[in-house]
Structures are given as structure tokens and as C-alpha cells.
Amino acid sequence: MQHQTERGPRGPAPGAAGRRRVVVTGAGVVSPLGDSPAALHRALAAGASARKPIELFETGGIGCHEAGEIRPFDPQAYVGERNLRPLDRTSRLLVVAAQLALADSGWAAAGQPRPAGNPEAAAAEVGLVVGTTFCSVRTIAEFDRRALRLGPSHASPLDFANSVINAAAGQAAIWHGLRGVNSTLAGGEASGLQAIAQAAELVRTSRADAVLAGGAEELCFESFLGYYRAGRLCGSLDRGAAERPVPFDARRNGFSLSEGAALLMLEDASAAAARGAAVRAEVLGWGAAFAAASGEAGMADAVARAVRLALADAGAAPAEIGCLSASASGSLPVDRAEARGVAAALGERAAELPVTAIKAMLGEGLGVSAAWQAVDLVETIGDGVLPGIAGLEQLEPGLPLPLPETAPSATRRLEPAARRRALVTAVGADGHCAALVLGAP
Amino acid sequence: MSAAAPARRIAVTGLGAVTPVGTGKEEVWANLLAGRLGFAPVASFDTKAFNVHLGAEVQGFSPSAYVRSLDPTRLGRASQLAIAAARLALADAGLAEEPREPGGPLEPGEPLGVGEVAAALAGVAMGTTSGEPREVERFDDRYLAGELDAVGAEFMTLYPCHMIAAHVGRELGFAGINTMIPAACAAGNYALAHAVDVLRAGRAELMLAGGADAFSRITYAGFARLGAIAPERCQPFDRRRKGMIPGEGAAVLVLEPLDAARRRGARIYAEVAGYGLSCDAHHMTAAHPEGDGAVRAMSRALADAGVAPEQVSYISAHGTGTPTNDRLEAIAVGRVFGAGTRVPISSIKSMLGHTMGAASAIEAAVCALAVATDEIPPTMGLEDPENDFDYVPNEARRLRVEVAMNNAYAFGGNNASTIFRKCELS
């Protein structure tokens, strides 16, 4: 095992006896660019921008004033008149995404969802795996400040219940009666993909038959100021310069913060077939790695390892990958590391791979980002439309990506062969890297 | 379960812990068996605005004794505790006989040491309740003082909870899968379960799995507001119990495939035989009134391990000492094991308090030790048990521990049970 840096799948090939296949039977999305996979896909293909002046909180004293705020966001338009008061913004986003995903995948929308005609209903309880960076740092901070201002006897029990980082997953489980596996994963920008991978593993290994998986993140003052001070928001380092949250662009200067929730319904293929569910895509394989060494080289190496592991797990060769939804957000070092890592893993294939980076339009949604990427790539698998990278005018010189010299931002239509196997990469600025291979049904 | 090839068996080969009753496996285990209590007036913040004052803080902890590659002063406390537990666990597993000099971490292709596992196949899975709460507390202090200008880059480079797992990975050069599972008070068991899945699937050859939490005024204020903090002592399962006592700490278990552990001649504490997860989907802070979620987690763990309830020798209870938890936990255990069960059950929270995200990781280490040594720690402060169960009152006990079950329940209705089995030489 010494000096071995990767490992092929131990199990049999996908679909072979003994390994369950994992399929996507639906999705729910809440985003600043649409509240359904189709609406989001249309907006991304049209190059729409999620950025707008922030109204959720005061940005006085911060040099940036725009973000991907979801406005208006009216949860009751989706979930009805039930009491939303116990839910903070992250939980509301997740509850709505879960509602939409349950409906889209043909499960009962509330109460005790059960698939029609499944004799083993007890084993078919729906699970929920959520990726998030903060859950709600606003709730946590508000709880603390209230207790400090007014004294601990005035602390809010409601806020305290929501101060745990698994609160949104717990609230969504309560709301929709999801009694299966329930888990929350935190890995920055990679969280959503980590969650999808963990859920797929649970289905593949027969621990669950149906799991909602994705991510959720809210926009709030605390994280917005925090990322501004960390120099990660577009324009927060070179103050006064135009804000250019454009992935892979030579003049990019940080990301645009965003918010939302997205969940895929992942199911065992035979259970999905038994209930007559429409299959949108198959989850073929996944991989994860960590950049233990700081700096661009360490990050690129981790990206490459995650991609190689995902391909090996999927039993897919680089040449079979038809397109890539990249994690790139406009971040200076991370975008470059991602491009280099993907190129290292895919070799010659990287030179001609169609690439999108939807954060050009959506912004950086942290925990939800990779779930948005996966949801939209399922749409691409369906209709062949790969969104462009809006605003990309001048590719950073030397980036090993095959973006065309002219009109690099244009949306493309993929040939059917290019939609059979699609790759998602998710790269966290703190070193968490994940990759996922989706396949046409 | 599917009819796939037999799953890889997973061994526990190293234990590290930093707790309110000591640091390192030997000290912690000796103190738990001796019934030492880790409670003292809270030192890390002023409790005069509270009507309770006890906490279970880690005393005299020196991060620089453990943090060598990274700068110990540029880490949150939970990360410091986690790194200490991870280093202790690796050393205990015989995987750090020649400590690396301070400096850069391992390259992915470089072997870790005695085990010769490449760094790229070595992963980290950590659980937490609050991540690095002191960083948000610092932010709030500045907010209320009108000094937000003083907030610098460190808020976002230290605060997000995934930094705990990231810091452990960076410090040790573990370049494989790196997962942070903030599943609140069941997080240690969740991280352990995830690590088992990763190893069973062949996605790593070595995993550090555990949990960490730092003592926090946010946590303290929350539980105080719920009336859940005991004023004087923590007495799980006693009729007069008055609540839990918040604590802090970290524990890490070294997990590796059983066959690989045997090949390298590692000491094997126990096999992680299985786990079960479930969600109450009932209430954020109160367990299901019939213990439904806890029953499903225990039942799934037993099925996963292929163990019948009567084969379980010891249960490490969640046992917080709050009136509600202990009552519902007794109902759930009764439903799985039978109302008249005599299986020994104890709660080390009677000594450690509730160390939050670290709790079920410390308790998992205790289960591994119980299986390895045939001793079980007591439930302290137990004078008038509420149920007719064997709660191992006030004195440790020697008995053969073939199988130990570790139960953990969290806000959000997240339930997790793990099972440890004796691993005879073969």
C-alpha cells in the first residue's frame, strides 16, 4: 500500500450483482434564480445574475453591498399556513426545498411519506443528509447577543434549539416526517457534494432506500462581514475596483455570496422502479480528498485525487466524461487550483471538455453550492444545455481549461454522447475536495 | 442488508482523549473507573448572571504540547483539543513512533509511519455540537461594544466548524477524506459511523474518528435557560437528578481494517461491529415520548452488527442527567432489551458532564476499553434509581464484556448507536 495514492473500486462494477444502483428521481431548489430545477436551468442558460443590493441587513461599514439574496422569499407560498415561527431562515429554505423535492420525485409531500406499492414501508423511510457551512450563524450570534444584553434568563429557548448546526436538518425532518437517517455535513463549499456522496453511500450499502441529499445556507450579516474581512468577497481586497466574481477570469477578485437550498431525491434503483418513479439520472460514483498541504499545489493535488477516485468508483474513463460543472466562484487561488487539478486527473480529455461554472450566475452559496451544481447538471443531462460562464471575457492565461477564446461565456448545446457521463467538482477553500459522476438514466 | 460480499471488519487500534477528568487513555480510564468527578466552578467566563455555576472544563490544557506542524495560537480551542486527542490516539496505535519534526505535513504519497498507509488513504471524521463557539462569541463581544472594525480575517478562518477536521488533517498530513459532522450531542457516534462506512467501502485505509467541543457561554446559557443544568451534581438515572452539567473535551479513535491491523501486529481494542442512525422527526429538543427514534437506532445497530440484544454485555448510556432524557432513554432501552433486562448500563456523564460533540466519542472510547479490559465504569451519584435497571451504581465493575453498545441522542432528533465487539486473536 505504500506510496499508493489512489485505489479503484473494491466492489463490482456499477449495476453488477451485489452493488445497488443509486438514481435521482427528483429535486427541489430554492435559489435567487428560480425555485425549480427547470426555472434555475433556464436562468443559468440565459446568463442571469443573482446579484442584487442586499435588503436582509444593513451593509453600512462594509465595502460590498450586493449578494444573491432570495427576495421575495415566502415559505408559506410553498408549505401552507403551518407555523413557521420556530424555523430560522436556513431551516425555512431547507423545508421548502424538501417539500419541492418530495413532490418532484412523486413522494407524498408531507406527513409520513411512503412510496405507493412498497411492501417494506418501514425500510423505506426517507432520510435527509444536508451540507452546510454555518446552518445559521445568525441564529447562534443573535442568541448569544440577546443573552448578553438582557441576561441569561432572557435567552431565547427557540433560538437555542436552532443554534445547533444540525438544526435545519432536524427541523425539516420534523416538518416532513422524515424518520430515516438524518445527518449534517460541513465542508465549506464542498458540503453539498459531501452530503450527496454520503447519502448515495447509504443507499448503495442498503442502509437506506430513499434519501434527500443536498445543502442549505442562508445569507446573513455575520458571514457577509466575515468573508468581507477575510478578503474573499469580490472587491473586498482591491477596494474600489469593479466587483468581478467571474470564475476563471483573469480579472476575477473574489466570490459573490449567495443563499438557498437544494435537495436531490436519491433512491435505490430497484425501489424506484418498483414504485414507478421517473429516473432523471444515476449517481455513478464519488470521491473525496483533502488538501493537507496549504497552497495551490496541495489544493490541485486534492482536486485531482477526488476526481480520480470518483471516476474509479464510477468505473468511468476520463474520455467518457462529457462535461464538467466546476466549483469555481471567482476566488483567486481556488479557481486556479481546481482547473489544474481537474486537468491533472483527466489528462488529454481536459483539453476538450465542455465546462460550466454556475457560480458565475448564482454566486457562492457555500453549503448549497454543490447541490445546485448537481441539480443543474441533471437538467443538462436531460436537455443537453450546458450553461455558459456569464461575464467571462478573458480566461486567466495558462489555465488548462478548454474554454473557447471567443465567447467563452456562451451557453452550449451538448451532443447526446456528451450527456452520458457528467462530472461535478466541489472545492472548499479550506481544503475539502469532492467529485461526483452523474450518468444519464 | 444486501447479499453483497462480506463487509470489511473494522478494528479500533488507538484511543486518545482530552477530558475534564484527565488527558490520555490511561489517566482518563483510571479516573473513570475510580469514579472521579470533573466538575468545578466555571473558569472560562463569569457565571454571576446565572443561577448555576458548575462546569466540566478541561484543566491545564497546553495546546503547544500537541500542536507541532501548525501554530497552536492560531487555532480555535476545539481544534486544539481535537489535535491533542488525535496525536494521543495515533501514538497509542503505534503509528507515531518517530514523531515528525515541526514543519510541513506529509505529502499524499508519503507513508504515515509504522502502518505504511499512504497519507492519501488516511482520513479524518470529526463530530461537534458548536464547532468553535468562542470565535462567534468574540464576534458578538465586538458587535455589542461597537467594535466591529476589529473583526479580521480570523473570524472566517477559525470559526466554521469544518475547521476542526481540517486542522486535524493539516496538522497530521492526513490527505484522504476529511469530514465534519455537526450532529450535536450525537456527533461523535455519527463521525464513527461515517468512518466505518468509508473504511468498509475501501475509500480509506486508516481513519481518525471522534468529536470535539470547547466550553462555551452560548451552550451554557442555552441549557441554563432550559433549566437543564444541575446546580450541584450530575446524577443520571437517580430520582432526584436535577440535570446535566455542560463540559468540553475531545476524543479520537484510530480505526483501520481488521486484517490490516492484524498484519501490522497492532493492539486491537475492539471491532466496531455496527451502527444505527435514526431521526425522531418529533421535536427539536425533546426526545420522542415513547423513545421511538432511540429504539430504531439501537435496533438498526444490532441488526448491522448481527448481535442479539441478549448478547450485549454493557450499554454506555446517553444518560445526561436531565429528568426527561433519562426517563425516555429507560423506556427505549426497555423496549429493545426487555423491561426486566439486567444488562449493565452506566453514564460516564455523571463524572465528565456533557462534553457535547465529544461526548459520544469519549463514550465510544470507553466502550472499546470496556471490551478490551472487561471493566466498566460506574454511574456516580446514583442513590435512588428511578428504574429497576442495573445502572452500575457508584463503583466500577469487572465482568466479561463481549459486546458494548454506545447510545447518543441529539437536538434535532438525531439518534446514533454504535456497537463494539471483543476481537479475539485468530
# chains A, B, ... in the order shown; residues from 1 in each chain; ligands from 1

call {"tool": "select_by_dssp", "arguments": {"residues": "region 81-172 of chain A", "states": "helix (DSSP H, G or I)", "output": "ChimeraX atom specification"}}
result
/A:89-104,121-124,137-150,152-154,157-161,167-172

call {"tool": "select_by_dssp", "arguments": {"residues": "region 158-294 of chain A", "states": "strand (DSSP E)", "output": "PyMOL selection string"}}
result
chain A and resi 182-185+210-217+260-268+281-290

call {"tool": "write_last_selection", "arguments": {"atoms": "C-alpha atoms", "output": "short mmCIF file (atom, residue, chain, number, x, y, z; two decimals), in the first residue's frame"}}
result
data_model
loop_
_atom_site.label_atom_id
_atom_site.label_comp_id
_atom_site.auth_asym_id
_atom_site.auth_seq_id
_atom_site.Cartn_x
_atom_site.Cartn_y
_atom_site.Cartn_z
CA ASN A 182 -30.64 12.22 9.27
CA SER A 183 -27.22 13.76 9.03
CA THR A 184 -25.49 17.10 8.53
CA LEU A 185 -22.08 17.53 6.95
CA ALA A 210 -34.50 6.84 -0.29
CA VAL A 211 -32.55 9.84 0.96
CA LEU A 212 -32.95 13.54 0.27
CA ALA A 213 -29.45 14.96 -0.10
CA GLY A 214 -28.05 18.39 -0.81
CA GLY A 215 -27.39 21.56 1.08
CA ALA A 216 -28.66 24.77 2.60
CA GLU A 217 -27.16 28.12 3.51
CA GLY A 260 -30.57 28.90 -0.92
CA ALA A 261 -31.24 25.22 -0.58
CA ALA A 262 -31.30 22.27 -2.92
CA LEU A 263 -32.04 18.60 -2.42
CA LEU A 264 -31.90 15.62 -4.75
CA MET A 265 -34.02 12.56 -4.06
CA LEU A 266 -31.62 9.63 -4.23
CA GLU A 267 -33.14 6.17 -4.35
CA ASP A 268 -32.19 2.59 -4.79
CA ALA A 281 -30.05 10.47 -13.69
CA GLU A 282 -27.88 7.90 -12.00
CA VAL A 283 -25.27 8.62 -9.33
CA LEU A 284 -22.39 6.54 -10.66
CA GLY A 285 -19.54 7.33 -8.33
CA TRP A 286 -17.95 9.79 -5.97
CA GLY A 287 -14.63 10.58 -4.37
CA ALA A 288 -13.23 12.91 -1.74
CA ALA A 289 -9.80 14.14 -0.74
CA PHE A 290 -8.28 16.79 1.47
#

call {"tool": "residues_around", "arguments": {"residues": "region 335-338 of chain B", "least_positions_apart": "4", "cutoff": "10 Å", "atoms": "only C-alpha atoms", "output": "list of chain:residue names"}}
result
B:Glu290, B:Gly291, B:Asp292, B:Ala294, B:Val295, B:Arg296, B:Met298, B:Ser299, B:Leu302, B:Ala308, B:Pro309, B:Glu310, B:Val312, B:Glu329, B:Ala330, B:Ile331, B:Arg342, B:Val343

call {"tool": "residues_around", "arguments": {"residues": "region 245-255 of chain B", "least_positions_apart": "2", "cutoff": "7 Å", "atoms": "only C-alpha atoms", "output": "PDB file with C-alpha atoms, in the first residue's frame"}}
result
ATOM      1  CA  ILE B  10     -13.158  -2.563  11.258  1.00  0.00           C
ATOM      2  CA  ALA B  11     -10.859  -2.504  14.289  1.00  0.00           C
ATOM      3  CA  VAL B  12     -10.221   0.140  16.936  1.00  0.00           C
ATOM      4  CA  THR B  13      -6.449   0.288  17.374  1.00  0.00           C
ATOM      5  CA  GLY B  14      -5.825   3.584  19.101  1.00  0.00           C
ATOM      6  CA  LEU B  15      -7.530   5.856  21.635  1.00  0.00           C
ATOM      7  CA  GLY B  16      -6.878   9.452  22.568  1.00  0.00           C
ATOM      8  CA  ALA B  17      -8.909  11.694  24.827  1.00  0.00           C
ATOM      9  CA  VAL B  18      -8.732  15.073  26.495  1.00  0.00           C
ATOM     10  CA  THR B  19     -11.411  15.298  29.162  1.00  0.00           C
ATOM     11  CA  PRO B  20     -12.442  17.055  32.373  1.00  0.00           C
ATOM     12  CA  LEU B  54     -20.624  24.370  37.752  1.00  0.00           C
ATOM     13  CA  GLY B  55     -18.963  23.200  34.582  1.00  0.00           C
ATOM     14  CA  ALA B  56     -16.757  20.382  33.397  1.00  0.00           C
ATOM     15  CA  GLU B  57     -13.840  22.173  31.810  1.00  0.00           C
ATOM     16  CA  VAL B  58     -10.552  20.659  30.703  1.00  0.00           C
ATOM     17  CA  LEU B  81      -8.429  19.712  21.790  1.00  0.00           C
ATOM     18  CA  ALA B  82      -9.108  17.642  18.668  1.00  0.00           C
ATOM     19  CA  ALA B  85      -6.759  13.732  21.045  1.00  0.00           C
ATOM     20  CA  ALA B  86      -5.712  12.752  17.525  1.00  0.00           C
ATOM     21  CA  ALA B  89      -4.675   8.252  19.565  1.00  0.00           C
ATOM     22  CA  LEU B  90      -2.062   7.857  16.840  1.00  0.00           C
ATOM     23  CA  ALA B  93      -1.975   2.983  17.937  1.00  0.00           C
ATOM     24  CA  LEU B 206      -6.995   4.455   8.153  1.00  0.00           C
ATOM     25  CA  MET B 207      -9.478   6.807   9.776  1.00  0.00           C
ATOM     26  CA  LEU B 208      -9.308   9.085  12.773  1.00  0.00           C
ATOM     27  CA  ALA B 209     -12.853   9.382  14.082  1.00  0.00           C
ATOM     28  CA  GLY B 210     -14.081  11.331  17.044  1.00  0.00           C
ATOM     29  CA  GLY B 211     -15.553  14.520  18.353  1.00  0.00           C
ATOM     30  CA  ALA B 212     -14.594  17.801  19.952  1.00  0.00           C
ATOM     31  CA  ASP B 213     -16.244  20.768  21.625  1.00  0.00           C
ATOM     32  CA  ALA B 214     -14.973  23.780  23.521  1.00  0.00           C
ATOM     33  CA  PHE B 215     -16.643  25.101  26.668  1.00  0.00           C
ATOM     34  CA  TYR B 220     -24.174  27.217  28.959  1.00  0.00           C
ATOM     35  CA  ILE B 229     -28.180  22.416  34.287  1.00  0.00           C
ATOM     36  CA  ALA B 230     -27.752  20.713  37.637  1.00  0.00           C
ATOM     37  CA  CYS B 234     -24.922  15.233  37.868  1.00  0.00           C
ATOM     38  CA  GLY B 243     -29.923  17.989  35.176  1.00  0.00           C
ATOM     39  CA  LEU B 352     -17.457  14.142  32.818  1.00  0.00           C
ATOM     40  CA  GLY B 353     -20.603  16.148  32.454  1.00  0.00           C
ATOM     41  CA  HIS B 354     -21.917  16.536  28.955  1.00  0.00           C
ATOM     42  CA  THR B 355     -18.980  17.209  26.688  1.00  0.00           C
ATOM     43  CA  MET B 356     -21.353  17.831  23.756  1.00  0.00           C
ATOM     44  CA  ALA B 358     -17.075  14.988  22.195  1.00  0.00           C
ATOM     45  CA  ALA B 361     -16.656   9.881  21.046  1.00  0.00           C
ATOM     46  CA  ILE B 362     -15.346   9.662  24.626  1.00  0.00           C
ATOM     47  CA  ALA B 365     -13.507   5.046  23.541  1.00  0.00           C
TER      48      ALA B 365
END

call {"tool": "residues_around", "arguments": {"residues": "Leu332 (chain A)", "least_positions_apart": "2", "cutoff": "12 Å", "atoms": "only C-alpha atoms", "output": "PyMOL selection string"}}
result
chain A and resi 231-235+237+244-255+295-296+328-330+334-339+396+429

call {"tool": "residues_around", "arguments": {"residues": "Gly293 (chain B)", "least_positions_apart": "5", "cutoff": "7 Å", "atoms": "only C-alpha atoms", "output": "list in words"}}
result
Ser278, Cys279, Asp280, His288 and Asn415 of chain B

call {"tool": "closest_residue", "arguments": {"among": "A:Arg20, A:Arg275, A:His65, A:Lys359", "to": "Ala48 (chain A)", "atoms": "only C-alpha atoms"}}
result
A:Lys359

call {"tool": "closest_residue", "arguments": {"among": "A:Ile381, A:Arg420, A:Val368, A:Gln76", "to": "Ala195 (chain A)", "atoms": "only C-alpha atoms"}}
result
A:Val368

call {"tool": "residues_around", "arguments": {"residues": "region 344-357 of chain A", "least_positions_apart": "5", "cutoff": "8 Å", "atoms": "only C-alpha atoms", "output": "tab-separated table (two decimals) with C-alpha atoms, in the first residue's frame"}}
result
chain	number	residue	atom	x	y	z
A	247	PRO	CA	-14.90	32.07	-12.39
A	304	ALA	CA	-7.08	15.59	-8.84
A	305	ARG	CA	-7.30	12.79	-6.30
A	307	VAL	CA	-11.73	13.31	-9.41
A	308	ARG	CA	-9.69	10.14	-9.97
A	318	PRO	CA	-11.66	10.24	-18.46
A	319	ALA	CA	-12.62	10.00	-22.14
A	321	ILE	CA	-16.73	12.31	-19.18
A	322	GLY	CA	-18.87	14.56	-21.35
A	323	CYS	CA	-18.96	17.77	-19.36
A	324	LEU	CA	-17.94	19.38	-16.07
A	325	SER	CA	-19.77	21.58	-13.61
A	326	ALA	CA	-16.91	23.26	-11.81
A	327	SER	CA	-16.87	24.74	-8.33
A	328	ALA	CA	-15.02	27.87	-9.46
A	329	SER	CA	-16.51	31.02	-7.96
A	386	LEU	CA	-24.76	23.46	-20.61
A	387	PRO	CA	-24.94	26.97	-19.16
A	388	GLY	CA	-22.14	29.33	-20.05
A	389	ILE	CA	-19.96	31.23	-17.61
A	400	PRO	CA	-5.50	24.32	-18.51
A	401	LEU	CA	-9.17	24.57	-19.42
A	402	PRO	CA	-10.60	24.32	-22.93
A	403	LEU	CA	-12.83	27.36	-22.74

call {"tool": "atom_distance", "arguments": {"atom1": "CA of Glu137 (chain B)", "atom2": "CA of Thr59 (chain A)"}}
result
20.9 Å

call {"tool": "closest_residue", "arguments": {"among": "A:Ala241, A:Val378, A:Leu362, A:Ala434", "to": "chain B", "atoms": "only C-alpha atoms"}}
result
A:Ala434

call {"tool": "closest_residue", "arguments": {"among": "A:Arg19, A:Arg92, A:Arg280, A:Arg419", "to": "chain B", "atoms": "only C-alpha atoms"}}
result
A:Arg19

call {"tool": "decode", "arguments": {"residues": "region 137-176 of chain A", "atoms": "N, CA and C atoms", "output": "tab-separated table (two decimals), in the first residue's frame"}}
result
chain	number	residue	atom	x	y	z
A	137	VAL	N	-25.38	30.94	11.43
A	137	VAL	CA	-24.51	31.69	12.35
A	137	VAL	C	-25.24	32.92	12.86
A	138	ARG	N	-26.25	33.35	12.11
A	138	ARG	CA	-27.05	34.48	12.58
A	138	ARG	C	-27.84	34.09	13.82
A	139	THR	N	-28.50	32.92	13.78
A	139	THR	CA	-29.27	32.47	14.93
A	139	THR	C	-28.37	32.31	16.15
A	140	ILE	N	-27.20	31.72	15.94
A	140	ILE	CA	-26.27	31.48	17.03
A	140	ILE	C	-25.83	32.81	17.65
A	141	ALA	N	-25.46	33.75	16.78
A	141	ALA	CA	-24.97	35.04	17.27
A	141	ALA	C	-26.09	35.84	17.94
A	142	GLU	N	-27.28	35.80	17.36
A	142	GLU	CA	-28.42	36.52	17.95
A	142	GLU	C	-28.75	35.96	19.34
A	143	PHE	N	-28.70	34.64	19.44
A	143	PHE	CA	-28.96	34.01	20.75
A	143	PHE	C	-27.97	34.53	21.78
A	144	ASP	N	-26.70	34.53	21.40
A	144	ASP	CA	-25.63	34.95	22.31
A	144	ASP	C	-25.79	36.43	22.70
A	145	ARG	N	-26.07	37.27	21.70
A	145	ARG	CA	-26.15	38.71	21.98
A	145	ARG	C	-27.35	39.05	22.85
A	146	ARG	N	-28.45	38.35	22.61
A	146	ARG	CA	-29.64	38.61	23.44
A	146	ARG	C	-29.37	38.22	24.90
A	147	ALA	N	-28.70	37.06	25.07
A	147	ALA	CA	-28.39	36.63	26.44
A	147	ALA	C	-27.41	37.59	27.10
A	148	LEU	N	-26.50	38.18	26.33
A	148	LEU	CA	-25.55	39.14	26.89
A	148	LEU	C	-26.22	40.46	27.24
A	149	ARG	N	-27.11	40.91	26.34
A	149	ARG	CA	-27.75	42.22	26.54
A	149	ARG	C	-28.74	42.21	27.69
A	150	LEU	N	-29.57	41.15	27.71
A	150	LEU	CA	-30.69	41.14	28.65
A	150	LEU	C	-30.48	40.21	29.84
A	151	GLY	N	-29.42	39.44	29.80
A	151	GLY	CA	-29.20	38.46	30.86
A	151	GLY	C	-29.66	37.09	30.43
A	152	PRO	N	-29.03	36.04	30.99
A	152	PRO	CA	-29.31	34.68	30.51
A	152	PRO	C	-30.75	34.24	30.72
A	153	SER	N	-31.45	34.88	31.68
A	153	SER	CA	-32.84	34.45	31.88
A	153	SER	C	-33.73	34.91	30.73
A	154	HIS	N	-33.21	35.82	29.89
A	154	HIS	CA	-33.97	36.27	28.72
A	154	HIS	C	-33.50	35.60	27.43
A	155	ALA	N	-32.60	34.65	27.55
A	155	ALA	CA	-32.15	33.94	26.35
A	155	ALA	C	-33.34	33.23	25.72
A	156	SER	N	-33.29	33.09	24.43
A	156	SER	CA	-34.43	32.51	23.71
A	156	SER	C	-34.28	31.00	23.57
A	157	PRO	N	-35.18	30.22	24.19
A	157	PRO	CA	-35.11	28.77	24.02
A	157	PRO	C	-35.29	28.35	22.56
A	158	LEU	N	-36.11	29.09	21.84
A	158	LEU	CA	-36.35	28.77	20.44
A	158	LEU	C	-35.06	28.92	19.63
A	159	ASP	N	-34.37	30.04	19.85
A	159	ASP	CA	-33.10	30.23	19.15
A	159	ASP	C	-32.07	29.19	19.57
A	160	PHE	N	-32.09	28.82	20.86
A	160	PHE	CA	-31.11	27.84	21.31
A	160	PHE	C	-31.31	26.50	20.59
A	161	ALA	N	-32.56	26.10	20.43
A	161	ALA	CA	-32.83	24.85	19.70
A	161	ALA	C	-32.26	24.91	18.29
A	162	ASN	N	-32.29	26.10	17.70
A	162	ASN	CA	-31.80	26.25	16.33
A	162	ASN	C	-30.31	26.59	16.27
A	163	SER	N	-29.66	26.68	17.42
A	163	SER	CA	-28.25	27.07	17.42
A	163	SER	C	-27.33	25.90	17.08
A	164	VAL	N	-27.85	24.68	17.15
A	164	VAL	CA	-27.01	23.54	16.75
A	164	VAL	C	-26.92	23.51	15.23
A	165	ILE	N	-25.82	22.99	14.73
A	165	ILE	CA	-25.55	23.11	13.30
A	165	ILE	C	-26.37	22.09	12.49
A	166	ASN	N	-26.94	21.11	13.19
A	166	ASN	CA	-27.85	20.17	12.53
A	166	ASN	C	-29.31	20.60	12.67
A	167	ALA	N	-29.54	21.85	13.06
A	167	ALA	CA	-30.91	22.30	13.33
A	167	ALA	C	-31.79	22.25	12.09
A	168	ALA	N	-31.27	22.71	10.96
A	168	ALA	CA	-32.12	22.75	9.77
A	168	ALA	C	-32.53	21.34	9.36
A	169	ALA	N	-31.60	20.40	9.43
A	169	ALA	CA	-31.94	19.02	9.08
A	169	ALA	C	-32.99	18.46	10.04
A	170	GLY	N	-32.86	18.81	11.32
A	170	GLY	CA	-33.84	18.37	12.30
A	170	GLY	C	-35.20	19.00	12.07
A	171	GLN	N	-35.21	20.30	11.79
A	171	GLN	CA	-36.48	20.99	11.53
A	171	GLN	C	-37.16	20.44	10.29
A	172	ALA	N	-36.40	20.19	9.24
A	172	ALA	CA	-37.01	19.67	8.01
A	172	ALA	C	-37.54	18.26	8.23
A	173	ALA	N	-36.84	17.48	9.05
A	173	ALA	CA	-37.32	16.13	9.36
A	173	ALA	C	-38.64	16.20	10.12
A	174	ILE	N	-38.72	17.12	11.07
A	174	ILE	CA	-39.97	17.28	11.83
A	174	ILE	C	-41.09	17.72	10.89
A	175	TRP	N	-40.79	18.72	10.07
A	175	TRP	CA	-41.82	19.29	9.21
A	175	TRP	C	-42.41	18.24	8.27
A	176	HIS	N	-41.54	17.42	7.68
A	176	HIS	CA	-41.99	16.48	6.65
A	176	HIS	C	-42.11	15.04	7.14
